[in-house]
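Source file: run.tsv. Holds: TSV, C-alpha atoms.
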chain	number	residue	atom	x	y	z
A	1	MET	CA	29.91	-31.27	16.78
A	2	ARG	CA	29.84	-35.05	16.87
A	3	TYR	CA	27.16	-37.47	15.77
A	4	HIS	CA	26.27	-41.15	16.12
A	5	ASN	CA	24.36	-41.96	12.98
A	6	ILE	CA	22.57	-40.69	9.91
A	7	THR	CA	19.34	-42.62	9.45
A	8	LYS	CA	17.92	-42.70	5.94
A	9	ASP	CA	14.31	-43.18	4.84
A	10	ASP	CA	13.02	-42.68	8.39
A	11	MET	CA	9.27	-42.49	9.04
A	12	LEU	CA	9.29	-42.33	12.83
A	13	ASN	CA	10.95	-39.00	13.62
A	14	GLY	CA	8.72	-36.48	11.88
A	15	ASP	CA	6.21	-36.41	9.07
A	16	GLY	CA	7.00	-37.84	5.67
A	17	LEU	CA	10.12	-39.73	4.73
A	18	ARG	CA	13.10	-38.12	6.45
A	19	VAL	CA	16.82	-38.26	7.08
A	20	VAL	CA	17.78	-38.11	10.76
A	21	LEU	CA	21.02	-36.81	12.20
A	22	TRP	CA	21.65	-38.28	15.67
A	23	VAL	CA	23.80	-35.65	17.40
A	24	SER	CA	26.12	-36.53	20.30
A	25	GLY	CA	25.71	-34.95	23.70
A	26	CYS	CA	22.86	-34.75	26.18
A	27	THR	CA	22.80	-33.53	29.77
A	28	HIS	CA	19.16	-34.37	30.53
A	29	ALA	CA	19.83	-38.06	31.31
A	30	CYS	CA	16.16	-39.00	31.16
A	31	PRO	CA	15.48	-42.35	32.84
A	32	GLU	CA	14.71	-45.00	30.19
A	33	CYS	CA	15.79	-42.73	27.34
A	34	HIS	CA	15.55	-44.63	24.04
A	35	ASN	CA	19.03	-43.51	22.99
A	36	PRO	CA	21.43	-43.16	25.96
A	37	VAL	CA	24.42	-44.10	23.79
A	38	THR	CA	24.22	-40.54	22.41
A	39	TRP	CA	24.60	-38.78	25.78
A	40	ASP	CA	28.40	-38.53	25.70
A	41	ILE	CA	29.41	-35.25	24.04
A	42	ASN	CA	32.66	-36.94	22.97
A	43	GLY	CA	30.96	-40.07	21.65
A	44	GLY	CA	30.30	-40.99	18.08
A	45	LEU	CA	32.11	-39.46	15.12
A	46	PRO	CA	33.11	-35.94	14.12
A	47	PHE	CA	30.49	-34.30	11.91
A	48	ASP	CA	32.93	-33.58	9.10
A	49	GLU	CA	32.54	-32.72	5.41
A	50	ALA	CA	32.00	-36.39	4.49
A	51	ALA	CA	29.11	-36.64	6.96
A	52	LYS	CA	27.62	-33.38	5.69
A	53	LYS	CA	27.93	-34.64	2.10
A	54	GLU	CA	26.10	-37.86	3.08
A	55	LEU	CA	23.34	-35.87	4.82
A	56	PHE	CA	22.94	-33.46	1.89
A	57	ALA	CA	22.87	-36.32	-0.65
A	58	GLU	CA	19.84	-37.71	1.17
A	59	LEU	CA	18.17	-34.29	1.36
A	60	ALA	CA	18.65	-33.87	-2.40
A	61	LYS	CA	16.37	-36.83	-3.07
A	62	PRO	CA	12.97	-35.53	-4.20
A	63	TYR	CA	10.99	-37.99	-2.07
A	64	VAL	CA	12.72	-36.99	1.19
A	65	SER	CA	10.52	-34.52	3.10
A	66	GLY	CA	13.27	-33.09	5.27
A	67	VAL	CA	15.74	-33.56	8.06
A	68	THR	CA	15.30	-34.29	11.74
A	69	LEU	CA	17.98	-33.47	14.29
A	70	SER	CA	17.80	-35.64	17.38
A	71	GLY	CA	20.27	-37.28	19.66
A	72	GLY	CA	21.45	-36.69	22.27
A	73	ASP	CA	20.21	-33.14	22.27
A	74	PRO	CA	21.04	-30.84	19.37
A	75	LEU	CA	20.31	-27.81	21.55
A	76	ILE	CA	22.67	-28.35	24.46
A	77	PRO	CA	25.04	-25.36	24.69
A	78	GLN	CA	28.00	-27.32	23.28
A	79	ASN	CA	26.02	-28.09	20.08
A	80	VAL	CA	24.00	-24.93	19.45
A	81	ASP	CA	26.51	-23.03	17.30
A	82	ASP	CA	27.30	-25.97	15.02
A	83	VAL	CA	23.66	-27.02	14.80
A	84	SER	CA	22.64	-23.45	14.01
A	85	ALA	CA	25.17	-23.20	11.18
A	86	LEU	CA	24.04	-26.57	9.80
A	87	ILE	CA	20.36	-25.62	9.93
A	88	ASP	CA	21.09	-22.33	8.16
A	89	GLU	CA	22.97	-24.17	5.42
A	90	ILE	CA	20.23	-26.77	5.02
A	91	LYS	CA	17.56	-24.08	4.73
A	92	GLU	CA	19.64	-22.22	2.15
A	93	LYS	CA	20.37	-25.28	-0.02
A	94	PHE	CA	17.05	-27.08	0.49
A	95	PRO	CA	14.42	-24.40	1.22
A	96	GLN	CA	11.54	-26.74	0.38
A	97	LYS	CA	12.59	-29.35	2.97
A	98	THR	CA	11.26	-29.25	6.53
A	99	ILE	CA	13.52	-29.17	9.57
A	100	TRP	CA	12.47	-30.92	12.78
A	101	VAL	CA	14.46	-30.69	16.02
A	102	TYR	CA	14.07	-32.83	19.14
A	103	THR	CA	15.20	-31.36	22.45
A	104	GLY	CA	14.86	-32.07	26.15
A	105	TYR	CA	14.48	-28.34	26.76
A	106	GLU	CA	11.08	-26.69	26.86
A	107	TRP	CA	9.87	-24.23	24.22
A	108	LYS	CA	10.20	-21.25	26.57
A	109	ASP	CA	13.91	-22.01	27.00
A	110	VAL	CA	14.80	-22.28	23.30
A	111	LYS	CA	12.26	-20.20	21.37
A	112	ASP	CA	14.58	-17.19	21.23
A	113	LEU	CA	17.59	-19.06	19.84
A	114	PRO	CA	18.50	-17.60	16.41
A	115	LEU	CA	18.33	-21.06	14.80
A	116	MET	CA	14.61	-21.29	15.57
A	117	LYS	CA	13.85	-19.01	12.59
A	118	ASN	CA	14.62	-21.99	10.34
A	119	VAL	CA	13.09	-24.78	12.42
A	120	ASP	CA	9.70	-25.94	11.19
A	121	VAL	CA	8.82	-28.27	14.05
A	122	LEU	CA	10.29	-28.56	17.54
A	123	VAL	CA	9.55	-31.53	19.77
A	124	ASP	CA	10.22	-30.20	23.25
A	125	GLY	CA	10.61	-31.49	26.77
A	126	PRO	CA	12.40	-34.33	28.47
A	127	PHE	CA	11.19	-37.90	28.20
A	128	VAL	CA	9.29	-38.72	31.41
A	129	LYS	CA	9.00	-42.43	32.11
A	130	ALA	CA	5.78	-42.04	34.14
A	131	LEU	CA	4.16	-40.26	31.17
A	132	LYS	CA	5.31	-42.73	28.51
A	133	ASP	CA	2.66	-43.29	25.85
A	134	THR	CA	3.37	-45.50	22.85
A	135	LYS	CA	0.23	-44.25	21.07
A	136	LEU	CA	1.61	-40.74	20.61
A	137	TYR	CA	3.02	-39.62	17.28
A	138	TRP	CA	6.61	-38.41	17.18
A	139	ARG	CA	7.20	-38.32	20.94
A	140	GLY	CA	7.64	-40.73	23.79
A	141	SER	CA	5.81	-39.13	26.71
A	142	SER	CA	2.71	-36.97	27.01
A	143	ASN	CA	4.54	-33.96	28.46
A	144	GLN	CA	6.44	-33.54	25.19
A	145	ARG	CA	4.90	-31.27	22.59
A	146	VAL	CA	5.15	-31.21	18.80
A	147	ILE	CA	5.30	-27.47	18.13
A	148	GLU	CA	5.01	-25.57	14.86
A	149	ALA	CA	8.08	-23.44	15.61
A	150	LYS	CA	7.84	-20.79	12.88
A	151	ARG	CA	4.10	-20.27	13.41
A	152	SER	CA	4.57	-20.13	17.17
A	153	ILE	CA	7.19	-17.40	16.82
A	154	GLU	CA	5.05	-15.46	14.34
A	155	GLU	CA	1.88	-15.75	16.43
A	156	GLY	CA	3.56	-15.22	19.82
A	157	GLY	CA	2.18	-18.41	21.37
A	158	ILE	CA	2.55	-22.15	21.08
A	159	VAL	CA	0.94	-23.63	17.96
A	160	LEU	CA	0.83	-27.42	18.15
A	161	HIS	CA	1.47	-29.58	15.10
A	162	CYS	CA	-1.52	-31.75	14.20
A	163	ASP	CA	-0.98	-35.50	14.56

Written as structure tokens, how would this file's structure read?
Amino acid sequence: MRYHNITKDDMLNGDGLRVVLWVSGCTHACPECHNPVTWDINGGLPFDEAAKKELFAELAKPYVSGVTLSGGDPLIPQNVDDVSALIDEIKEKFPQKTIWVYTGYEWKDVKDLPLMKNVDVLVDGPFVKALKDTKLYWRGSSNQRVIEAKRSIEEGGIVLHCD
């Protein structure tokens, strides 16, 4: 897996104060995407032990609510195995921290991925320029949903996260 950046003390990509891992690779190519530099699967830097150490150092801070994985798309097939292993490790080392994942895929297409057992919130769907709404929390267009992933799996239907 490759990544472009680790953003610290972020308040825009999930609730609370978060650390964000911007993963490389996206095949959705949404027109007017806010982060097209991350589309290239070979772009950015290798997510190596030094990057993981940096990410975990941020997560260890008591005031950090959790981690958000964005990009790019953490759930494209080329990223799923590495992202899954990382999410499992985060949940094991930091069980009190929340995990948010942004993806251009819809819930129905990713809900059965094994990694979803450790995802607290999934923001699903591609960015759609015609549905852009700057008043929405944590998403760019009104087709995207902020889904309580664990509760949705447990309850067998989509449970939306309250804004």

Could you pull the residues within 7 Å of Val67 of chain A, counting all atoms listed in the file, minus those fewer than 4 positions along the same chain, as an mmCIF file with C-alpha atoms, in the frame of the given file?
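Saved to result13.cif:
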data_model
loop_
_atom_site.group_PDB
_atom_site.id
_atom_site.type_symbol
_atom_site.label_atom_id
_atom_site.label_comp_id
_atom_site.auth_asym_id
_atom_site.auth_seq_id
_atom_site.Cartn_x
_atom_site.Cartn_y
_atom_site.Cartn_z
ATOM 1 C CA ARG A 18 13.100 -38.120 6.450
ATOM 2 C CA VAL A 19 16.820 -38.260 7.080
ATOM 3 C CA VAL A 20 17.780 -38.110 10.760
ATOM 4 C CA THR A 98 11.260 -29.250 6.530
ATOM 5 C CA ILE A 99 13.520 -29.170 9.570
ATOM 6 C CA TRP A 100 12.470 -30.920 12.780
#

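Each of A:Lys97, A:Lys108, A:Lys117, A:Lys135 was compared to Thr68 of chain A using all atoms listed in the file, and A:Lys97 turns out to be the nearest.
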
- Query: Which residues come within 10 Å of segment 83-95 of chain A, counting only C-alpha atoms, excluding same-chain residues fewer than 2 positions away, as a PyMOL selection string?
  - Reply: chain A and resi 1+23+52+55-56+59-60+66-67+69+74-76+78-81+97-101+113-119

Of A:Pro46, A:Cys162, A:Lys61, A:Asp112, the one sitting nearest Leu136 of chain A when using all atoms listed in the file is A:Cys162

Q.
Using only C-alpha atoms, can you tell me which of A:Asp124, A:Asp73, A:Glu49, A:Asp109 comes closest to Gly25 of chain A?
A.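 With only C-alpha atoms as the atom set, the closest residue is A:Asp73.
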
Point (12.2, -34.7, 22.0) neighbourhood (6 Å, all atoms listed in the file) written as a PyMOL selection string
chain A and resi 102-104+123-125

Can I get the residues of segment 125-149 of chain A within 9 Å of segment 4-17 of chain A, each with the closest pair of atoms and their distance in Å to one decimal, using all atoms listed in the file, sorted chain first then ascending number, as a Markdown table?
| residue | atom | partner | partner_atom | distance |
| --- | --- | --- | --- | --- |
| A:Tyr137 | CA | A:Leu12 | CA | 8.2 |
| A:Trp138 | CA | A:Asn13 | CA | 5.6 |
| A:Arg139 | CA | A:Asn13 | CA | 8.3 |

From atom CA of Val64 of chain A to atom CA of Ala50 of chain A the spacing works out at 19.6 Å

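Between atom CA of Gly156 of chain A and atom CA of Lys111 of chain A the separation is 10.1 Å.
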
Calculated over all atoms listed in the file, which of the candidates A:Trp107, A:Trp39, A:Phe127, A:Trp22 has the smallest distance to Val146 of chain A?
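Closest to Val146 of chain A of all the choices is A:Trp107.
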
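The interatomic distance for the pair atom CA of Ser70 of chain A and atom CA of Leu122 of chain A works out to 10.3 Å.
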
* **Top pick for closest residue to Val110 of chain A, considering A:Ala29, A:Ala51, A:Ala149, A:Ala130 and counting only C-alpha atoms** =>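 Looking only at the distances to Val110 of chain A, the closest residue turns out to be A:Ala149.
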
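In terms of minimum interatomic distance to Arg2 of chain A, A:Asp40 ranks closest within A:Asp120, A:Asp40, A:Glu148, A:Asp133, counting all atoms listed in the file.
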